[in-house]
$ cat coords_31.txt   # compact mmCIF, C-alpha atoms and all ligand atoms
# COMPACT_ATOMS: atom_id res chain seq x y z
CA MET A 1460 12.40 -14.27 -11.10
CA LEU A 1461 11.08 -14.28 -7.55
CA PHE A 1462 8.36 -16.82 -6.74
CA VAL A 1463 5.96 -15.75 -4.01
CA LYS A 1464 3.37 -18.07 -2.44
CA ILE A 1465 -0.17 -16.76 -2.70
CA VAL A 1466 -3.54 -18.03 -1.49
CA ASN A 1467 -6.44 -16.55 -3.42
CA ARG A 1468 -9.72 -16.74 -1.53
CA SER A 1469 -11.24 -13.96 -3.62
CA LYS A 1470 -13.66 -14.37 -6.52
CA HIS A 1471 -11.13 -12.66 -8.79
CA ALA A 1472 -8.03 -13.65 -10.74
CA LEU A 1473 -4.58 -13.34 -9.16
CA PRO A 1474 -3.22 -9.77 -9.16
CA SER A 1475 -1.08 -9.20 -12.24
CA TYR A 1476 1.09 -6.57 -13.88
CA ALA A 1477 -0.98 -4.51 -16.36
CA THR A 1478 2.03 -3.93 -18.66
CA ASP A 1479 5.57 -5.33 -18.90
CA GLY A 1480 6.94 -2.18 -17.28
CA SER A 1481 4.42 -1.90 -14.44
CA ALA A 1482 6.01 -1.70 -11.00
CA GLY A 1483 2.82 -2.65 -9.22
CA MET A 1484 0.01 -5.14 -9.53
CA ASP A 1485 -3.48 -3.79 -9.04
CA LEU A 1486 -5.43 -5.11 -6.07
CA ARG A 1487 -9.18 -5.60 -6.27
CA ALA A 1488 -11.89 -5.27 -3.66
CA ASN A 1489 -13.40 -8.64 -2.73
CA LEU A 1490 -16.85 -7.75 -1.44
CA GLU A 1491 -20.16 -9.54 -0.93
CA ASN A 1492 -21.96 -6.23 -1.43
CA PRO A 1493 -20.85 -2.81 -2.65
CA ILE A 1494 -19.73 -0.39 0.07
CA THR A 1495 -20.67 3.29 -0.03
CA LEU A 1496 -18.23 5.65 1.68
CA LYS A 1497 -19.56 9.01 2.74
CA PRO A 1498 -17.18 12.01 2.55
CA LEU A 1499 -14.23 11.40 4.90
CA GLU A 1500 -15.51 7.89 5.74
CA ARG A 1501 -12.95 5.07 6.05
CA PHE A 1502 -13.36 1.34 5.38
CA LEU A 1503 -10.94 -1.58 5.53
CA VAL A 1504 -11.61 -3.32 2.21
CA PRO A 1505 -10.82 -7.06 2.01
CA THR A 1506 -8.96 -8.42 -1.03
CA GLY A 1507 -9.20 -12.17 -0.34
CA ILE A 1508 -5.46 -12.38 -1.06
CA PHE A 1509 -2.89 -13.88 1.34
CA ILE A 1510 0.82 -13.86 0.45
CA GLN A 1511 4.06 -15.17 1.90
CA LEU A 1512 7.02 -12.96 1.07
CA PRO A 1513 10.59 -14.20 1.35
CA GLU A 1514 12.59 -12.69 4.22
CA GLY A 1515 14.12 -9.37 3.18
CA TYR A 1516 11.13 -8.40 1.03
CA GLU A 1517 8.11 -6.22 1.77
CA ALA A 1518 5.05 -5.34 -0.24
CA GLN A 1519 4.13 -1.68 -0.48
CA ILE A 1520 0.44 -0.93 -0.98
CA ARG A 1521 0.10 2.32 -2.86
CA PRO A 1522 -2.86 4.37 -4.09
CA ARG A 1523 -3.90 4.43 -7.74
CA SER A 1524 -3.39 7.90 -9.15
CA GLY A 1525 -6.52 7.94 -11.34
CA LEU A 1526 -8.88 6.96 -8.55
CA SER A 1527 -7.30 9.48 -6.20
CA ILE A 1528 -7.38 12.47 -8.55
CA LYS A 1529 -10.72 11.71 -10.24
CA LYS A 1530 -12.69 10.47 -7.23
CA GLY A 1531 -10.71 11.39 -4.10
CA ILE A 1532 -10.50 7.71 -3.12
CA THR A 1533 -7.17 6.77 -1.60
CA LEU A 1534 -5.42 4.83 1.17
CA VAL A 1535 -5.79 6.45 4.57
CA ASN A 1536 -2.35 5.12 5.59
CA ALA A 1537 -0.76 6.69 2.47
CA VAL A 1538 1.47 3.67 1.77
CA GLY A 1539 0.68 0.37 3.46
CA THR A 1540 3.45 -1.99 4.51
CA ILE A 1541 3.01 -5.75 4.20
CA ASP A 1542 5.63 -7.43 6.37
CA SER A 1543 7.37 -10.58 5.19
CA ASP A 1544 6.02 -12.50 8.18
CA TYR A 1545 2.40 -11.36 7.69
CA THR A 1546 0.27 -14.22 6.43
CA GLY A 1547 -3.12 -12.62 7.04
CA GLU A 1548 -5.45 -11.21 4.41
CA ILE A 1549 -4.20 -8.13 2.60
CA LYS A 1550 -6.66 -5.35 3.34
CA LEU A 1551 -6.95 -1.87 1.92
CA PRO A 1552 -7.71 0.97 4.36
CA MET A 1553 -9.61 3.25 2.01
CA ILE A 1554 -10.85 6.79 2.63
CA ASN A 1555 -13.15 9.02 0.64
CA LEU A 1556 -11.51 12.46 0.48
CA SER A 1557 -14.13 13.87 -1.91
CA ASN A 1558 -17.25 15.74 -0.89
CA GLU A 1559 -19.58 13.16 -2.45
CA PRO A 1560 -20.44 9.57 -1.50
CA TYR A 1561 -18.48 6.93 -3.45
CA THR A 1562 -19.52 3.33 -3.95
CA ILE A 1563 -16.80 0.67 -4.06
CA GLU A 1564 -17.87 -2.28 -6.20
CA ASP A 1565 -16.76 -5.88 -5.91
CA GLY A 1566 -13.75 -6.44 -8.17
CA GLU A 1567 -12.86 -2.76 -8.40
CA ARG A 1568 -9.12 -2.02 -8.57
CA LEU A 1569 -8.45 0.16 -5.54
CA ALA A 1570 -4.69 0.09 -4.97
CA GLN A 1571 -1.45 -1.39 -6.28
CA MET A 1572 1.17 -3.60 -4.69
CA VAL A 1573 4.90 -3.18 -5.28
CA VAL A 1574 7.26 -5.83 -3.91
CA ALA A 1575 10.58 -4.41 -2.78
CA ARG A 1576 13.71 -5.47 -0.98
CA TYR A 1577 14.56 -3.79 2.27
CA GLU A 1578 17.66 -3.64 4.46
CA LYS A 1579 17.68 -4.58 8.11
CA ILE A 1580 20.07 -2.37 9.99
CA THR A 1581 21.98 -2.47 13.23
CA TRP A 1582 22.41 0.88 15.03
CA GLN A 1583 25.94 2.18 15.40
CA GLU A 1584 25.41 4.80 18.10
CA VAL A 1585 27.76 7.82 17.88
CA SER A 1586 27.79 11.28 19.49
CA ILE A 1587 28.14 13.29 16.27
CA LEU A 1588 27.33 12.65 12.60
CA ASP A 1589 29.71 13.23 9.66
CA GLU A 1590 29.58 16.63 7.94
CA THR A 1591 27.66 16.74 4.65
CA GLU A 1592 26.84 19.41 2.03
CA ARG A 1593 23.25 19.65 3.31
CA GLY A 1594 23.94 19.29 6.97
CA GLU A 1595 20.79 19.88 9.02
CA GLY A 1596 19.08 21.97 6.31
CA GLY A 1597 15.73 20.69 5.13
CA PHE A 1598 12.09 21.64 4.78
CA GLY A 1599 12.70 24.25 2.08
CA SER A 1600 16.30 25.14 2.92
CA THR A 1601 17.32 25.03 -0.76
CA GLY A 1602 14.73 27.63 -1.78
CA THR A 1603 11.01 27.79 -2.32
CA LYS A 1604 10.72 27.85 -6.13
O1 LIG B 1701 -2.41 -1.33 4.11
C1 LIG B 1701 -2.13 -2.29 4.84
C2 LIG B 1701 -1.17 -2.20 5.86
C3 LIG B 1701 -0.92 -3.33 6.62
N1 LIG B 1701 -1.56 -4.52 6.38
C4 LIG B 1701 -1.23 -5.71 7.17
C5 LIG B 1701 0.11 -6.29 6.74
C6 LIG B 1701 1.08 -5.81 7.77
O2 LIG B 1701 2.16 -6.71 7.90
C7 LIG B 1701 0.19 -5.74 9.01
C8 LIG B 1701 0.65 -4.74 10.01
O3 LIG B 1701 0.75 -3.49 9.39
P1 LIG B 1701 1.37 -2.24 10.17
O4 LIG B 1701 2.63 -2.61 10.85
O5 LIG B 1701 1.38 -1.11 9.21
O6 LIG B 1701 0.20 -1.95 11.21
P2 LIG B 1701 0.23 -1.70 12.78
O7 LIG B 1701 -0.86 -0.76 13.06
O8 LIG B 1701 1.62 -1.30 13.23
O9 LIG B 1701 -0.18 -3.13 13.32
P3 LIG B 1701 0.73 -4.26 14.01
O10 LIG B 1701 0.75 -3.89 15.44
O11 LIG B 1701 -0.03 -5.52 13.72
O12 LIG B 1701 2.08 -4.24 13.36
O13 LIG B 1701 -1.11 -5.37 8.52
C9 LIG B 1701 -2.50 -4.61 5.35
O14 LIG B 1701 -3.07 -5.66 5.08
N2 LIG B 1701 -2.76 -3.49 4.62
MG MG B 1702 3.34 -2.54 12.92
$ encode --input "coords_31.txt" --output "structure tokens"
Amino acid sequence: MLFVKIVNRSKHALPSYATDGSAGMDLRANLENPITLKPLERFLVPTGIFIQLPEGYEAQIRPRSGLSIKKGITLVNAVGTIDSDYTGEIKLPMINLSNEPYTIEDGERLAQMVVARYEKITWQEVSILDETERGEGGFGSTGTK
């Protein structure tokens, strides 16, 4: 069990796992007034949540699949990274990829947060890399279907 400090300045309950097996906790908009995004409009939505991750951990902010496929509402940065030393408010850079306006309501679940360990590396500079089965092949090198 990993304990993580959180300050909740939102009007909403702490983010929580929806089911025992959920990887992410849903994050809610914390808004004074609803925000309407026109097609292709972006807005940095506040959550009112501030967290302090232990060193060696990050939080990944990921889109919600339902909202993205049904409404075209997603994160403009694809996956957000919350650094362990970031103690500011978690914000959600949302974009409307549909061709209709979309109104974000206060308390709406817009994204999900997954806490993950990461490795810090030290470069070992070499002039040539080891041979592998794939080598430099990528971008469809194994076939298209
Ligand atoms: O979706 C996001 C992405 C980032 N952040 C916060 C936490 C993160 O630690 C900080 C910086 O994020 P990032 O490194 O992605 O942004 P940057 O554009 O490189 O800004 P900086 O120069 O502050 O690192 O912004 C969010 O609240 N939401
Ligand atoms: Mg950065």
$ closest_residue --input "coords_31.txt" --among "A:Lys1530, A:Lys1464, A:Arg1487, A:Lys1550" --to "Leu1503 (chain A)" --atoms "only C-alpha atoms"
A:Lys1550
$ residues_near_ligand --input "coords_31.txt" --ligand "ligand LIG 1701 (chain B)" --cutoff "7 Å" --atoms "all atoms listed in the file" --output "PDB file with C-alpha atoms, keeping the file's coordinate frame"
ATOM      1  CA  ILE A1520       0.440  -0.930  -0.980  1.00  0.00           C
ATOM      2  CA  ASN A1536      -2.350   5.120   5.590  1.00  0.00           C
ATOM      3  CA  VAL A1538       1.470   3.670   1.770  1.00  0.00           C
ATOM      4  CA  GLY A1539       0.680   0.370   3.460  1.00  0.00           C
ATOM      5  CA  THR A1540       3.450  -1.990   4.510  1.00  0.00           C
ATOM      6  CA  ILE A1541       3.010  -5.750   4.200  1.00  0.00           C
ATOM      7  CA  ASP A1542       5.630  -7.430   6.370  1.00  0.00           C
ATOM      8  CA  ASP A1544       6.020 -12.500   8.180  1.00  0.00           C
ATOM      9  CA  TYR A1545       2.400 -11.360   7.690  1.00  0.00           C
ATOM     10  CA  GLU A1548      -5.450 -11.210   4.410  1.00  0.00           C
ATOM     11  CA  ILE A1549      -4.200  -8.130   2.600  1.00  0.00           C
ATOM     12  CA  LYS A1550      -6.660  -5.350   3.340  1.00  0.00           C
ATOM     13  CA  LEU A1551      -6.950  -1.870   1.920  1.00  0.00           C
ATOM     14  CA  PRO A1552      -7.710   0.970   4.360  1.00  0.00           C
TER      15      PRO A1552
END
$ atom_distance --input "coords_31.txt" --atom1 "CA of Leu1534 (chain A)" --atom2 "CA of Ala1488 (chain A)"
12.9 Å
$ atom_distance --input "coords_31.txt" --atom1 "CA of Ser1557 (chain A)" --atom2 "CA of Lys1529 (chain A)"
9.3 Å
$ atom_distance --input "coords_31.txt" --atom1 "CA of His1471 (chain A)" --atom2 "CA of Thr1506 (chain A)"
9.1 Å
$ closest_residue --input "coords_31.txt" --among "A:Tyr1516, A:Phe1509, A:Phe1502, A:Tyr1561" --to "Gly1531 (chain A)" --atoms "all atoms listed in the file"
A:Tyr1561
$ closest_residue --input "coords_31.txt" --among "A:Tyr1577, A:Ser1543, A:Leu1512, A:Glu1491" --to "ligand MG 1702 (chain B)" --atoms "all atoms listed in the file"
A:Ser1543
$ residues_around --input "coords_31.txt" --residues "Ile1494 (chain A)" --least-positions-apart "6" --cutoff "12 Å" --atoms "all atoms listed in the file" --output "MDAnalysis selection string"
chainID A and resid 1488 1500:1505 1553:1555 1560:1567
$ closest_atom_pairs --input "coords_31.txt" --of "region 1499-1574 of chain A" --to "region 1579-1592 of chain A" --cutoff "12 Å" --atoms "only C-alpha atoms" --output "tab-separated table"
residue	atom	partner	partner_atom	distance
A:Glu1514	CA	A:Lys1579	CA	10.3
A:Gly1515	CA	A:Lys1579	CA	7.7
A:Tyr1516	CA	A:Lys1579	CA	10.4
A:Glu1517	CA	A:Lys1579	CA	11.6
$ residues_around --input "coords_31.txt" --residues "Met1572 (chain A)" --least-positions-apart "2" --cutoff "7 Å" --atoms "only C-alpha atoms" --output "count of residues only"
10
$ closest_residue --input "coords_31.txt" --among "A:Pro1522, A:Gly1602, A:Pro1513, A:Gly1594" --to "Val1463 (chain A)" --atoms "all atoms listed in the file"
A:Pro1513
$ axis_aligned_box --input "coords_31.txt" --around "region 1460-1470 of chain A" --padding-each-side "4 Å" --output "lines of an AutoDock Vina configuration file"
center_x = -0.6
center_y = -16.0
center_z = -6.3
size_x = 34.1
size_y = 12.1
size_z = 17.6
$ closest_residue --input "coords_31.txt" --among "A:Leu1473, A:Pro1493, A:Ile1508, A:Leu1569" --to "Leu1526 (chain A)" --atoms "all atoms listed in the file"
A:Leu1569
$ closest_residue --input "coords_31.txt" --among "A:Leu1556, A:Ala1477, A:Ile1532, A:Ile1510" --to "Ile1465 (chain A)" --atoms "all atoms listed in the file"
A:Ile1510
$ decode --input "coords_31.txt" --residues "region 1466-1534 of chain A" --atoms "C-alpha atoms" --output "CSV table (one decimal), in the first residue's frame"
chain,number,residue,atom,x,y,z
A,1466,VAL,CA,-4.8,18.3,-0.8
A,1467,ASN,CA,-8.4,18.6,-2.0
A,1468,ARG,CA,-9.5,22.1,-2.7
A,1469,SER,CA,-12.3,20.9,-5.0
A,1470,LYS,CA,-16.0,20.7,-4.1
A,1471,HIS,CA,-15.8,17.0,-4.9
A,1472,ALA,CA,-14.8,13.8,-3.0
A,1473,LEU,CA,-11.2,12.5,-3.4
A,1474,PRO,CA,-10.6,10.6,-6.6
A,1475,SER,CA,-11.1,6.9,-6.1
A,1476,TYR,CA,-10.9,3.6,-8.0
A,1477,ALA,CA,-14.3,2.7,-9.5
A,1478,THR,CA,-13.7,-1.0,-9.1
A,1479,ASP,CA,-11.1,-3.2,-7.3
A,1480,GLY,CA,-9.3,-3.9,-10.6
A,1481,SER,CA,-9.3,-0.3,-11.9
A,1482,ALA,CA,-5.8,1.0,-12.8
A,1483,GLY,CA,-6.9,4.6,-12.7
A,1484,MET,CA,-8.9,6.9,-10.6
A,1485,ASP,CA,-11.3,9.2,-12.4
A,1486,LEU,CA,-10.6,13.0,-12.1
A,1487,ARG,CA,-13.4,15.5,-12.1
A,1488,ALA,CA,-13.6,19.0,-13.4
A,1489,ASN,CA,-13.8,21.6,-10.6
A,1490,LEU,CA,-15.5,24.5,-12.1
A,1491,GLU,CA,-17.4,27.6,-11.0
A,1492,ASN,CA,-19.4,27.6,-14.2
A,1493,PRO,CA,-19.8,25.1,-17.0
A,1494,ILE,CA,-17.3,25.5,-19.9
A,1495,THR,CA,-18.5,25.1,-23.5
A,1496,LEU,CA,-15.7,24.0,-26.0
A,1497,LYS,CA,-16.3,24.7,-29.6
A,1498,PRO,CA,-15.0,22.2,-32.2
A,1499,LEU,CA,-11.2,22.0,-31.9
A,1500,GLU,CA,-11.2,24.4,-28.9
A,1501,ARG,CA,-8.9,23.6,-25.9
A,1502,PHE,CA,-9.3,24.5,-22.3
A,1503,LEU,CA,-7.1,23.7,-19.2
A,1504,VAL,CA,-9.7,22.4,-16.8
A,1505,PRO,CA,-8.9,22.7,-13.0
A,1506,THR,CA,-9.4,19.7,-10.7
A,1507,GLY,CA,-8.8,21.4,-7.3
A,1508,ILE,CA,-6.5,18.4,-6.5
A,1509,PHE,CA,-2.8,18.7,-5.4
A,1510,ILE,CA,-0.7,15.6,-4.8
A,1511,GLN,CA,2.7,14.8,-3.5
A,1512,LEU,CA,4.1,11.7,-5.1
A,1513,PRO,CA,7.1,9.8,-3.6
A,1514,GLU,CA,10.3,10.0,-5.5
A,1515,GLY,CA,10.4,7.4,-8.3
A,1516,TYR,CA,6.7,7.6,-9.0
A,1517,GLU,CA,4.8,9.6,-11.6
A,1518,ALA,CA,1.1,10.0,-12.3
A,1519,GLN,CA,-0.1,9.5,-15.8
A,1520,ILE,CA,-3.2,11.4,-16.8
A,1521,ARG,CA,-5.1,9.5,-19.5
A,1522,PRO,CA,-8.3,10.0,-21.5
A,1523,ARG,CA,-11.5,8.2,-20.7
A,1524,SER,CA,-12.4,6.0,-23.6
A,1525,GLY,CA,-16.2,6.5,-23.4
A,1526,LEU,CA,-15.9,10.3,-23.5
A,1527,SER,CA,-13.4,10.2,-26.3
A,1528,ILE,CA,-15.4,7.8,-28.6
A,1529,LYS,CA,-18.9,9.1,-27.8
A,1530,LYS,CA,-18.2,12.8,-27.6
A,1531,GLY,CA,-14.7,13.4,-29.1
A,1532,ILE,CA,-13.5,14.9,-25.8
A,1533,THR,CA,-10.0,14.0,-24.9
A,1534,LEU,CA,-6.6,15.3,-23.6
